[in-house]
$ cat data03.pdb   # PDB, C-alpha atoms
ATOM      1  CA  MET A   1    -201.019 140.803  -7.501  1.00  0.00           C
ATOM      2  CA  ASP A   2    -202.515 137.337  -7.221  1.00  0.00           C
ATOM      3  CA  ARG A   3    -200.461 136.776  -4.087  1.00  0.00           C
ATOM      4  CA  LEU A   4    -201.662 140.050  -2.531  1.00  0.00           C
ATOM      5  CA  ILE A   5    -205.279 139.230  -3.282  1.00  0.00           C
ATOM      6  CA  VAL A   6    -204.925 135.862  -1.544  1.00  0.00           C
ATOM      7  CA  GLU A   7    -203.196 137.409   1.476  1.00  0.00           C
ATOM      8  CA  LYS A   8    -205.329 140.564   1.839  1.00  0.00           C
ATOM      9  CA  SER A   9    -208.701 139.904   0.178  1.00  0.00           C
ATOM     10  CA  ASN A  10    -210.503 139.570   3.519  1.00  0.00           C
ATOM     11  CA  ASN A  11    -209.473 143.095   4.512  1.00  0.00           C
ATOM     12  CA  PRO A  12    -211.947 145.693   3.173  1.00  0.00           C
ATOM     13  CA  LYS A  13    -209.394 148.523   3.360  1.00  0.00           C
ATOM     14  CA  TYR A  14    -207.591 147.119   0.294  1.00  0.00           C
ATOM     15  CA  VAL A  15    -208.754 147.796  -3.240  1.00  0.00           C
ATOM     16  CA  PHE A  16    -206.904 145.932  -5.982  1.00  0.00           C
ATOM     17  CA  VAL A  17    -206.540 147.526  -9.389  1.00  0.00           C
ATOM     18  CA  ASN A  18    -204.673 145.539 -12.022  1.00  0.00           C
ATOM     19  CA  CYS A  19    -203.208 148.230 -14.245  1.00  0.00           C
ATOM     20  CA  ASP A  20    -199.864 149.127 -15.717  1.00  0.00           C
ATOM     21  CA  LEU A  21    -198.527 152.686 -15.812  1.00  0.00           C
ATOM     22  CA  GLU A  22    -199.808 153.204 -19.344  1.00  0.00           C
ATOM     23  CA  GLY A  23    -203.402 152.483 -18.313  1.00  0.00           C
ATOM     24  CA  LEU A  24    -203.712 154.910 -15.393  1.00  0.00           C
ATOM     25  CA  GLY A  25    -205.555 157.594 -17.331  1.00  0.00           C
ATOM     26  CA  LYS A  26    -208.030 155.043 -18.709  1.00  0.00           C
ATOM     27  CA  ILE A  27    -208.982 153.578 -15.333  1.00  0.00           C
ATOM     28  CA  PHE A  28    -208.977 156.609 -13.043  1.00  0.00           C
ATOM     29  CA  PRO A  29    -210.989 159.753 -13.880  1.00  0.00           C
ATOM     30  CA  SER A  30    -209.475 163.209 -13.338  1.00  0.00           C
ATOM     31  CA  GLY A  31    -209.446 164.231  -9.689  1.00  0.00           C
ATOM     32  CA  SER A  32    -210.590 160.795  -8.506  1.00  0.00           C
ATOM     33  CA  VAL A  33    -207.709 160.010  -6.121  1.00  0.00           C
ATOM     34  CA  ASP A  34    -206.397 162.003  -3.161  1.00  0.00           C
ATOM     35  CA  SER A  35    -202.836 160.640  -3.164  1.00  0.00           C
ATOM     36  CA  ALA A  36    -200.703 158.197  -5.142  1.00  0.00           C
ATOM     37  CA  ILE A  37    -197.525 156.496  -3.990  1.00  0.00           C
ATOM     38  CA  LEU A  38    -195.161 154.783  -6.441  1.00  0.00           C
ATOM     39  CA  ASN A  39    -192.583 153.131  -4.208  1.00  0.00           C
ATOM     40  CA  ASP A  40    -189.817 151.489  -6.277  1.00  0.00           C
ATOM     41  CA  VAL A  41    -192.057 151.428  -9.369  1.00  0.00           C
ATOM     42  CA  ILE A  42    -191.180 154.058 -11.964  1.00  0.00           C
ATOM     43  CA  GLU A  43    -187.650 152.762 -12.635  1.00  0.00           C
ATOM     44  CA  HIS A  44    -189.188 149.502 -13.888  1.00  0.00           C
ATOM     45  CA  ALA A  45    -190.731 151.337 -16.874  1.00  0.00           C
ATOM     46  CA  GLU A  46    -189.107 152.899 -19.918  1.00  0.00           C
ATOM     47  CA  LYS A  47    -188.535 156.633 -19.379  1.00  0.00           C
ATOM     48  CA  GLU A  48    -191.183 157.720 -21.918  1.00  0.00           C
ATOM     49  CA  ILE A  49    -193.828 155.544 -20.259  1.00  0.00           C
ATOM     50  CA  GLY A  50    -192.843 156.876 -16.826  1.00  0.00           C
ATOM     51  CA  LEU A  51    -193.137 160.501 -17.995  1.00  0.00           C
ATOM     52  CA  LYS A  52    -196.587 159.816 -19.469  1.00  0.00           C
ATOM     53  CA  ALA A  53    -197.628 158.145 -16.209  1.00  0.00           C
ATOM     54  CA  LEU A  54    -196.514 161.197 -14.225  1.00  0.00           C
ATOM     55  CA  ALA A  55    -198.567 163.464 -16.506  1.00  0.00           C
ATOM     56  CA  ALA A  56    -201.611 161.210 -16.061  1.00  0.00           C
ATOM     57  CA  LEU A  57    -201.136 161.093 -12.273  1.00  0.00           C
ATOM     58  CA  LYS A  58    -201.042 164.893 -12.094  1.00  0.00           C
ATOM     59  CA  LYS A  59    -204.553 164.902 -13.591  1.00  0.00           C
ATOM     60  CA  ILE A  60    -205.885 162.017 -11.517  1.00  0.00           C
ATOM     61  CA  VAL A  61    -204.524 163.032  -8.097  1.00  0.00           C
ATOM     62  CA  ARG A  62    -206.114 165.865  -6.115  1.00  0.00           C
ATOM     63  CA  GLN A  63    -203.492 166.322  -3.403  1.00  0.00           C
ATOM     64  CA  GLN A  64    -200.144 164.578  -3.644  1.00  0.00           C
ATOM     65  CA  ILE A  65    -197.954 162.151  -5.603  1.00  0.00           C
ATOM     66  CA  ILE A  66    -195.030 160.463  -3.875  1.00  0.00           C
ATOM     67  CA  ILE A  67    -192.367 158.735  -5.969  1.00  0.00           C
ATOM     68  CA  PHE A  68    -189.502 156.756  -4.426  1.00  0.00           C
ATOM     69  CA  THR A  69    -186.812 155.632  -6.855  1.00  0.00           C
ATOM     70  CA  PRO A  70    -183.062 155.126  -7.125  1.00  0.00           C
ATOM     71  CA  LEU A  71    -181.079 158.288  -7.850  1.00  0.00           C
ATOM     72  CA  GLY A  72    -180.152 157.867 -11.505  1.00  0.00           C
ATOM     73  CA  PHE A  73    -179.991 154.540 -13.296  1.00  0.00           C
ATOM     74  CA  MET A  74    -179.245 151.723 -10.865  1.00  0.00           C
ATOM     75  CA  PRO A  75    -178.607 148.516 -12.811  1.00  0.00           C
ATOM     76  CA  GLN A  76    -180.795 145.667 -11.655  1.00  0.00           C
ATOM     77  CA  GLU A  77    -180.835 142.577 -13.805  1.00  0.00           C
ATOM     78  CA  SER A  78    -181.212 138.924 -13.069  1.00  0.00           C
ATOM     79  CA  ASP A  79    -180.928 135.563 -14.721  1.00  0.00           C
ATOM     80  CA  LYS A  80    -184.293 134.615 -16.198  1.00  0.00           C
ATOM     81  CA  ASP A  81    -184.089 131.235 -14.429  1.00  0.00           C
ATOM     82  CA  GLU A  82    -183.565 132.782 -10.994  1.00  0.00           C
ATOM     83  CA  LEU A  83    -186.314 133.295  -8.472  1.00  0.00           C
ATOM     84  CA  ASP A  84    -186.946 136.891  -7.519  1.00  0.00           C
ATOM     85  CA  PRO A  85    -186.280 138.042  -3.927  1.00  0.00           C
ATOM     86  CA  TRP A  86    -189.819 136.913  -2.944  1.00  0.00           C
ATOM     87  CA  GLY A  87    -189.260 133.360  -4.183  1.00  0.00           C
ATOM     88  CA  MET A  88    -191.459 133.845  -7.232  1.00  0.00           C
ATOM     89  CA  LYS A  89    -190.619 133.713 -10.938  1.00  0.00           C
ATOM     90  CA  GLY A  90    -190.950 137.441 -11.485  1.00  0.00           C
ATOM     91  CA  THR A  91    -187.365 138.377 -12.276  1.00  0.00           C
ATOM     92  CA  LYS A  92    -188.305 140.129 -15.546  1.00  0.00           C
ATOM     93  CA  PHE A  93    -190.444 142.525 -13.512  1.00  0.00           C
ATOM     94  CA  GLN A  94    -187.510 143.352 -11.235  1.00  0.00           C
ATOM     95  CA  GLU A  95    -185.290 144.752 -13.996  1.00  0.00           C
ATOM     96  CA  HIS A  96    -184.676 148.501 -14.022  1.00  0.00           C
ATOM     97  CA  LEU A  97    -185.434 150.079 -17.386  1.00  0.00           C
ATOM     98  CA  SER A  98    -184.909 153.773 -16.582  1.00  0.00           C
ATOM     99  CA  GLY A  99    -183.110 156.108 -14.245  1.00  0.00           C
ATOM    100  CA  TRP A 100    -184.548 159.225 -12.632  1.00  0.00           C
ATOM    101  CA  LEU A 101    -182.873 162.406 -11.404  1.00  0.00           C
ATOM    102  CA  PRO A 102    -184.170 165.481  -9.563  1.00  0.00           C
ATOM    103  CA  THR A 103    -184.224 167.341 -12.891  1.00  0.00           C
ATOM    104  CA  ASP A 104    -186.994 164.969 -14.047  1.00  0.00           C
ATOM    105  CA  PHE A 105    -189.235 166.475 -11.368  1.00  0.00           C
ATOM    106  CA  PRO A 106    -189.131 170.273 -11.861  1.00  0.00           C
ATOM    107  CA  GLU A 107    -189.565 172.399  -8.755  1.00  0.00           C
ATOM    108  CA  GLU A 108    -191.535 175.002 -10.725  1.00  0.00           C
ATOM    109  CA  GLU A 109    -194.144 172.309 -11.477  1.00  0.00           C
ATOM    110  CA  GLY A 110    -194.693 171.614  -7.780  1.00  0.00           C
ATOM    111  CA  TRP A 111    -192.150 168.867  -7.075  1.00  0.00           C
ATOM    112  CA  GLN A 112    -190.002 168.688  -3.962  1.00  0.00           C
ATOM    113  CA  ILE A 113    -186.995 166.357  -3.848  1.00  0.00           C
ATOM    114  CA  ILE A 114    -185.598 164.580  -0.812  1.00  0.00           C
ATOM    115  CA  LEU A 115    -182.467 162.621  -1.639  1.00  0.00           C
ATOM    116  CA  CYS A 116    -179.942 160.390   0.002  1.00  0.00           C
ATOM    117  CA  GLU A 117    -176.769 159.771  -1.983  1.00  0.00           C
ATOM    118  CA  ASP A 118    -175.870 156.464  -0.293  1.00  0.00           C
ATOM    119  CA  TYR A 119    -179.278 154.920   0.435  1.00  0.00           C
ATOM    120  CA  HIS A 120    -178.826 151.530  -1.273  1.00  0.00           C
ATOM    121  CA  GLN A 121    -176.107 149.500   0.470  1.00  0.00           C
ATOM    122  CA  VAL A 122    -177.269 146.134  -0.955  1.00  0.00           C
ATOM    123  CA  ASP A 123    -178.858 144.966  -4.188  1.00  0.00           C
ATOM    124  CA  GLY A 124    -182.352 143.481  -4.548  1.00  0.00           C
ATOM    125  CA  TYR A 125    -181.060 140.118  -3.322  1.00  0.00           C
ATOM    126  CA  GLY A 126    -179.358 141.519  -0.225  1.00  0.00           C
ATOM    127  CA  ARG A 127    -175.832 141.333  -1.647  1.00  0.00           C
ATOM    128  CA  THR A 128    -173.518 144.170  -0.591  1.00  0.00           C
ATOM    129  CA  LEU A 129    -172.887 146.678  -3.374  1.00  0.00           C
ATOM    130  CA  ASP A 130    -169.314 147.660  -4.217  1.00  0.00           C
ATOM    131  CA  LYS A 131    -170.391 151.296  -3.940  1.00  0.00           C
ATOM    132  CA  PRO A 132    -173.573 152.622  -2.277  1.00  0.00           C
ATOM    133  CA  PHE A 133    -176.240 153.945  -4.625  1.00  0.00           C
ATOM    134  CA  GLY A 134    -178.487 156.920  -3.979  1.00  0.00           C
ATOM    135  CA  ALA A 135    -182.262 157.165  -3.839  1.00  0.00           C
ATOM    136  CA  MET A 136    -184.793 159.959  -3.749  1.00  0.00           C
ATOM    137  CA  TYR A 137    -188.339 160.899  -2.999  1.00  0.00           C
ATOM    138  CA  ALA A 138    -190.026 163.160  -5.516  1.00  0.00           C
ATOM    139  CA  ILE A 139    -193.130 164.672  -3.921  1.00  0.00           C
ATOM    140  CA  TYR A 140    -195.719 166.551  -5.944  1.00  0.00           C
ATOM    141  CA  ASN A 141    -198.191 168.861  -4.280  1.00  0.00           C
ATOM    142  CA  ASN A 142    -200.804 171.220  -5.637  1.00  0.00           C
ATOM    143  CA  PHE A 143    -198.624 174.028  -4.317  1.00  0.00           C
ATOM    144  CA  VAL A 144    -194.916 174.613  -4.927  1.00  0.00           C
ATOM    145  CA  LEU A 145    -192.478 173.646  -2.175  1.00  0.00           C
ATOM    146  CA  ASN A 146    -188.902 174.888  -2.246  1.00  0.00           C
ATOM    147  CA  SER A 147    -185.500 173.238  -1.930  1.00  0.00           C
ATOM    148  CA  ILE A 148    -183.792 169.922  -2.340  1.00  0.00           C
ATOM    149  CA  LYS A 149    -183.268 168.168   0.968  1.00  0.00           C
ATOM    150  CA  THR A 150    -180.731 165.464   1.773  1.00  0.00           C
ATOM    151  CA  CYS A 151    -180.672 162.806   4.447  1.00  0.00           C
TER     152      CYS A 151
END
$ encode --input "data03.pdb" --output "structure tokens"
Amino acid sequence: MDRLIVEKSNNPKYVFVNCDLEGLGKIFPSGSVDSAILNDVIEHAEKEIGLKALAALKKIVRQQIIIFTPLGFMPQESDKDELDPWGMKGTKFQEHLSGWLPTDFPEEEGWQIILCEDYHQVDGYGRTLDKPFGAMYAIYNNFVLNSIKTC
């Protein structure tokens, strides 16, 4: 976050909120946000924390939640002494702690799933995977959308 603040602090369209998934409900009042996007985020939290964050987001967000995550548990570990893909010492933050499937986002609760079974061709460091790994979007709306779509 420090790096983003340095790079983007002169741009008034950015608002920086330093908060982990467990603190969402404490920082944002109900109905205070139109949309939330968690792009490659939720898999970095334990499953229980991720589920609580989703419940909090459903109260906070008025319109839509968009989650992008690997399809199932995609191992992502690194040596603690390595630099992360951005050249920083944040490898512990890059580890995947949970895996998510379409069943974690029930259609009857307003979720729509868009999945691609072979989305990830390389790992977080750009190394070719032995076998491609899937990914999905889970999109929550205040109205129920039907079907699972594939790319």
$ closest_atom_pairs --input "data03.pdb" --of "range 41-61 of chain A" --to "range 105-123 of chain A" --cutoff "12 Å" --atoms "all atoms listed in the file" --output "CSV"
residue,atom,partner,partner_atom,distance
A:Gly50,CA,A:Phe105,CA,11.6
A:Leu51,CA,A:Phe105,CA,9.7
A:Leu54,CA,A:Phe105,CA,9.4
A:Ala55,CA,A:Phe105,CA,11.1
A:Lys58,CA,A:Glu109,CA,10.1
$ residues_around --input "data03.pdb" --residues "Arg62 in chain A" --least-positions-apart "2" --cutoff "10 Å" --atoms "all atoms listed in the file" --output "VMD selection string"
chain A and resid 30 to 36 57 to 60 64 to 65 141 to 142
$ write_last_selection --input "data03.pdb" --atoms "C-alpha atoms" --output "CSV table (one decimal), keeping the file's coordinate frame"
chain,number,residue,atom,x,y,z
A,30,SER,CA,-209.5,163.2,-13.3
A,31,GLY,CA,-209.4,164.2,-9.7
A,32,SER,CA,-210.6,160.8,-8.5
A,33,VAL,CA,-207.7,160.0,-6.1
A,34,ASP,CA,-206.4,162.0,-3.2
A,35,SER,CA,-202.8,160.6,-3.2
A,36,ALA,CA,-200.7,158.2,-5.1
A,57,LEU,CA,-201.1,161.1,-12.3
A,58,LYS,CA,-201.0,164.9,-12.1
A,59,LYS,CA,-204.6,164.9,-13.6
A,60,ILE,CA,-205.9,162.0,-11.5
A,64,GLN,CA,-200.1,164.6,-3.6
A,65,ILE,CA,-198.0,162.2,-5.6
A,141,ASN,CA,-198.2,168.9,-4.3
A,142,ASN,CA,-200.8,171.2,-5.6
$ resolve_selection --input "data03.pdb" --expression "the PyMOL selection byres ((chain A and resi 16) around 9)" --output "tab-separated table (two decimals) with C-alpha atoms, in the frame of the given file"
chain	number	residue	atom	x	y	z
A	1	MET	CA	-201.02	140.80	-7.50
A	4	LEU	CA	-201.66	140.05	-2.53
A	5	ILE	CA	-205.28	139.23	-3.28
A	9	SER	CA	-208.70	139.90	0.18
A	14	TYR	CA	-207.59	147.12	0.29
A	15	VAL	CA	-208.75	147.80	-3.24
A	17	VAL	CA	-206.54	147.53	-9.39
A	18	ASN	CA	-204.67	145.54	-12.02
$ atom_distance --input "data03.pdb" --atom1 "CA of Glu43 in chain A" --atom2 "CA of Gly124 in chain A"
13.4 Å
$ atom_distance --input "data03.pdb" --atom1 "CA of Ser98 in chain A" --atom2 "CA of Lys47 in chain A"
5.4 Å
$ resolve_selection --input "data03.pdb" --expression "the PyMOL selection byres ((chain A and resi 66) around 7)" --output "list of chain:residue names"
A:Ala36, A:Ile37, A:Leu38, A:Gln64, A:Ile65, A:Ile67, A:Phe68, A:Tyr137, A:Ala138, A:Ile139, A:Tyr140
